[in-house]
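Visitor: Take this structure, written in structure tokens, and hold onto it; I'll ask about it next.
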Amino acid sequence: MSEAPLKRTPLHAAHVAAGARMVPFGGWDMPVQYTGILDEHRTVRGAAGLFDVSHMGEFECNGPAALAALQSVTTNDVAALEIGQVQYSVFCSPNGTIVDDLTVYRLATDRYMLTVNASNIDKDYAWVTHHAKAARWRNVSEQTGLIAVQGPKAEALVGRLADQDVTKIGYYRFARGAVAGVATLISRTGYTGEDGFELYAAAADTPRLWTALLDAGRADGVAPIGLGARDTLRLEMKYALYGNDIDDTTNPLEAGLGWVVKPAKGDFVGRDALEKIRAEGVRRRLIGIEMVDKAIARHGYPVRKDGREVGIVTSGSYGPSVDKYIAMAYVEAALAAVGTALAVEVRGQAKAARVAKTPFHPSRVKRA
Amino acid sequence: MANVPKDLKYTREHEWAKQEGDSVRVGITAYAQEQLGDVVFVELPKVGAKVTATKNFGVVESVKAVSDLFAPISGEVVEINGELSQKPETVNQDPYGRGWMIAVKPSNKGEWDQLLTAQQYEDFLAQAAH
């Protein structure tokens, strides 16, 4: 591991004061749990939880060349994005593998914001400024805090503190406004499968926003949530995690992200390679797995069919809301159909599993 | 400081052992379950299996981690806690009671004296904390 000291979010002191268990994550000292992963997972599904995701990176991309720049480095069609809208997308390398996954916000005609994974901030910033020089780029990660409010009570909680009617903000839409008197970008997005928001604020204001949300939500059972539950929540939705399920050896088509690859928009980095893969058909697919035998499939465990190795597990755990041992894995494309019987090799033993319908847990995001 | 009952013996891998008649009951300590976090899976040997002191006899998994279980003493497994396959969280709730894991009929009585006393285990935990 690197010798560099771990970075801290603006909420680090609040986590320590709350008794969170802190762990290194992507170069950051982050809370993995407060009361316990299962308890926190259920809090999000049953009430609402607050996540400190200030470690994530934010870039601004501005100027008359911004649209063309973003079209050239992302796979999705940025021209389709309206002001006030958010788009999930991917940066690809020339050979079609994934540099990072991200969201793109259209702030104004020629102004965009990109949110990238914490562990990839430096790599991504070098990437975009190299491949899309014509736009004006600014890395605003350090001065930007980010709090996710997720769960069935998120809308009421944010609504109570906001200076506007947040029920009007549709899924993958955002608005500017004050929450608890703090200037925020209120984004109806998330990584849990629950309705909710991600609130961007100045780093210096983020602790005040965190405290206000906690205080206003306490009576409703709202609590802070660590990275442990963030992982089990996203796993139940089969949302890919960069570094686990997708990385620079996987492409978006096999990862089930073909819906954000839009070759018709024109050229972009990775387009030719992805067009070729699409024409030839993917060799493997990222699928959901449900264990039949009692065992937990973990990242890196081999997947077998009749003894033959046919894939590899990328994420796996106990799914608290589905009460099953679940996983994500790449398997040969011919074995990706729901119901296909497979085995996962757990400590040298073949454990029965099958391809599961995903998401494992029904999504409750608020679609328009 | 974690709860360390006086009447048990301990290993440096955070298992406890308790003499009950001619068998020894084994589990993991309060400190161990707290470090693991929510236990969601426990894999135990079958009754009749042989276990060897300091060697792996099973696995306990939390949401985030897989940890080996090490036998405090050698012998034959005469009983396992079947409840843990349905309710692994019992290990968190009652590590010294209903969260026990296996009972072993010792094959080498001399091994008992090699185990840590409660005081030694507490000192070991105190050292580990620094």
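Ligands are numbered from 1 in the order shown, residues from 1 within each chain, and chains are lettered A, B, ... in the order they appear in the structure tokens.
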Please report as a tab-separated table every residue of region 223-289 of chain A lying within 12 Å of region 7-29 of chain A, along with the nearest atom pair and their distance in Å (one decimal), using only C-alpha atoms.

Guide:
```
residue	atom	partner	partner_atom	distance
A:Ala223	CA	A:Ala18	CA	10.7
A:Pro224	CA	A:His15	CA	8.7
A:Ile225	CA	A:Ala20	CA	9.3
A:Gly226	CA	A:Ala20	CA	7.9
A:Leu227	CA	A:Phe25	CA	8.9
A:Gly228	CA	A:Val23	CA	10.3
A:Tyr242	CA	A:Gly26	CA	10.8
A:Gly243	CA	A:Gly26	CA	9.7
```

Visitor: Please, which residues of chain B lie no more than 8 Å from chain A when the count uses only C-alpha atoms, and can they be set out as a list in words?

Guide: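 Output check: Gly37, Asp38, Val40, Phe41, Val63 and Lys64 of chain B.
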
Visitor: Those residues with C-alpha atoms, as a PDB file, in the first residue's frame please?

Guide:
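Here's the written file result.pdb:
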```pdb
ATOM      1  CA  GLY B  37     -18.891  -7.116  12.939  1.00  0.00           C
ATOM      2  CA  ASP B  38     -22.165  -8.766  11.916  1.00  0.00           C
ATOM      3  CA  VAL B  40     -23.554 -13.772   8.493  1.00  0.00           C
ATOM      4  CA  PHE B  41     -22.099 -17.242   7.947  1.00  0.00           C
ATOM      5  CA  VAL B  63     -20.424  -9.008   5.808  1.00  0.00           C
ATOM      6  CA  LYS B  64     -16.948  -7.791   4.906  1.00  0.00           C
TER       7      LYS B  64
END
```

Visitor: Using DSSP on the backbone coordinates, identify all residues within region 13-149 of chain A classified as strand (DSSP E or B); present the result as number ranges by chain.

Guide: A: 21-25, 28-33, 49-52, 57-62, 74, 85-92, 98-108, 111-116, 136-139, 144-149

Visitor: Within 9 Å of Trp100 (chain B), counting only C-alpha atoms, which residues show up once you throw out same-chain ones fewer than 2 positions away? Write them as a PyMOL selection string, please.

Guide: chain B and resi 25-28+80-81+84+90-91+94-98+102-103

Visitor: Using the chain letters and numbers from this document, which residues of chain B does DSSP assign to alpha helix (DSSP H), as number ranges by chain?

Guide: B: 30-36, 83-86, 90-93, 118-128

Visitor: Write out, as a short mmCIF file (atom, residue, chain, number, x, y, z; two decimals), in the first residue's frame, the residues just selected, with N, CA and C atoms.

Guide:
```
data_model
loop_
_atom_site.label_atom_id
_atom_site.label_comp_id
_atom_site.auth_asym_id
_atom_site.auth_seq_id
_atom_site.Cartn_x
_atom_site.Cartn_y
_atom_site.Cartn_z
N ALA B 30 -15.80 -12.30 22.83
CA ALA B 30 -16.56 -11.07 22.62
C ALA B 30 -15.74 -10.08 21.79
N TYR B 31 -14.44 -10.03 22.08
CA TYR B 31 -13.55 -9.16 21.30
C TYR B 31 -13.57 -9.55 19.82
N ALA B 32 -13.48 -10.86 19.56
CA ALA B 32 -13.44 -11.35 18.17
C ALA B 32 -14.71 -10.99 17.42
N GLN B 33 -15.87 -11.24 18.05
CA GLN B 33 -17.13 -10.96 17.33
C GLN B 33 -17.29 -9.47 17.09
N GLU B 34 -16.77 -8.66 18.03
CA GLU B 34 -16.90 -7.22 17.84
C GLU B 34 -16.01 -6.74 16.69
N GLN B 35 -14.80 -7.31 16.62
CA GLN B 35 -13.91 -6.95 15.52
C GLN B 35 -14.47 -7.38 14.16
N LEU B 36 -15.10 -8.55 14.14
CA LEU B 36 -15.66 -9.06 12.89
C LEU B 36 -16.82 -8.22 12.40
N GLU B 83 -27.57 -24.40 15.36
CA GLU B 83 -28.37 -23.18 15.31
C GLU B 83 -27.68 -22.09 14.47
N LEU B 84 -26.32 -22.17 14.42
CA LEU B 84 -25.59 -21.09 13.75
C LEU B 84 -25.79 -21.07 12.24
N SER B 85 -26.20 -22.19 11.64
CA SER B 85 -26.41 -22.16 10.20
C SER B 85 -27.65 -21.34 9.86
N GLN B 86 -28.63 -21.33 10.76
CA GLN B 86 -29.83 -20.51 10.54
C GLN B 86 -29.70 -19.12 11.16
N THR B 90 -26.23 -15.12 16.24
CA THR B 90 -26.12 -15.54 17.63
C THR B 90 -24.68 -15.38 18.13
N VAL B 91 -23.72 -15.52 17.22
CA VAL B 91 -22.31 -15.36 17.61
C VAL B 91 -22.06 -13.94 18.13
N ASN B 92 -22.71 -12.95 17.52
CA ASN B 92 -22.58 -11.57 18.00
C ASN B 92 -23.35 -11.35 19.30
N GLN B 93 -24.52 -11.96 19.36
CA GLN B 93 -25.42 -11.67 20.48
C GLN B 93 -24.96 -12.32 21.79
N ALA B 118 -7.59 -16.27 31.51
CA ALA B 118 -8.32 -15.03 31.25
C ALA B 118 -7.40 -13.82 31.43
N GLN B 119 -6.57 -13.87 32.48
CA GLN B 119 -5.65 -12.75 32.73
C GLN B 119 -4.65 -12.59 31.58
N GLN B 120 -4.11 -13.73 31.13
CA GLN B 120 -3.15 -13.67 30.02
C GLN B 120 -3.80 -13.14 28.74
N TYR B 121 -5.04 -13.57 28.51
CA TYR B 121 -5.74 -13.10 27.30
C TYR B 121 -6.03 -11.61 27.40
N GLU B 122 -6.42 -11.15 28.57
CA GLU B 122 -6.66 -9.72 28.75
C GLU B 122 -5.38 -8.92 28.52
N ASP B 123 -4.26 -9.45 29.01
CA ASP B 123 -2.98 -8.76 28.79
C ASP B 123 -2.65 -8.73 27.31
N PHE B 124 -2.94 -9.85 26.63
CA PHE B 124 -2.69 -9.96 25.20
C PHE B 124 -3.52 -8.92 24.43
N LEU B 125 -4.80 -8.77 24.81
CA LEU B 125 -5.66 -7.78 24.16
C LEU B 125 -5.15 -6.37 24.42
N ALA B 126 -4.72 -6.14 25.65
CA ALA B 126 -4.22 -4.80 26.01
C ALA B 126 -3.00 -4.46 25.16
N GLN B 127 -2.11 -5.45 24.97
CA GLN B 127 -0.93 -5.25 24.13
C GLN B 127 -1.32 -4.95 22.69
N ALA B 128 -2.30 -5.75 22.18
CA ALA B 128 -2.72 -5.61 20.79
C ALA B 128 -3.31 -4.22 20.52
#
```

Visitor: Could you list, as a PyMOL selection string, every residue within 12 Å of Arg106 (chain A), counting only C-alpha atoms and ignoring same-chain residues fewer than 2 positions away?

Guide: chain A and resi 60-62+66-67+70+78-88+103-104+108-115+172-175+185+187
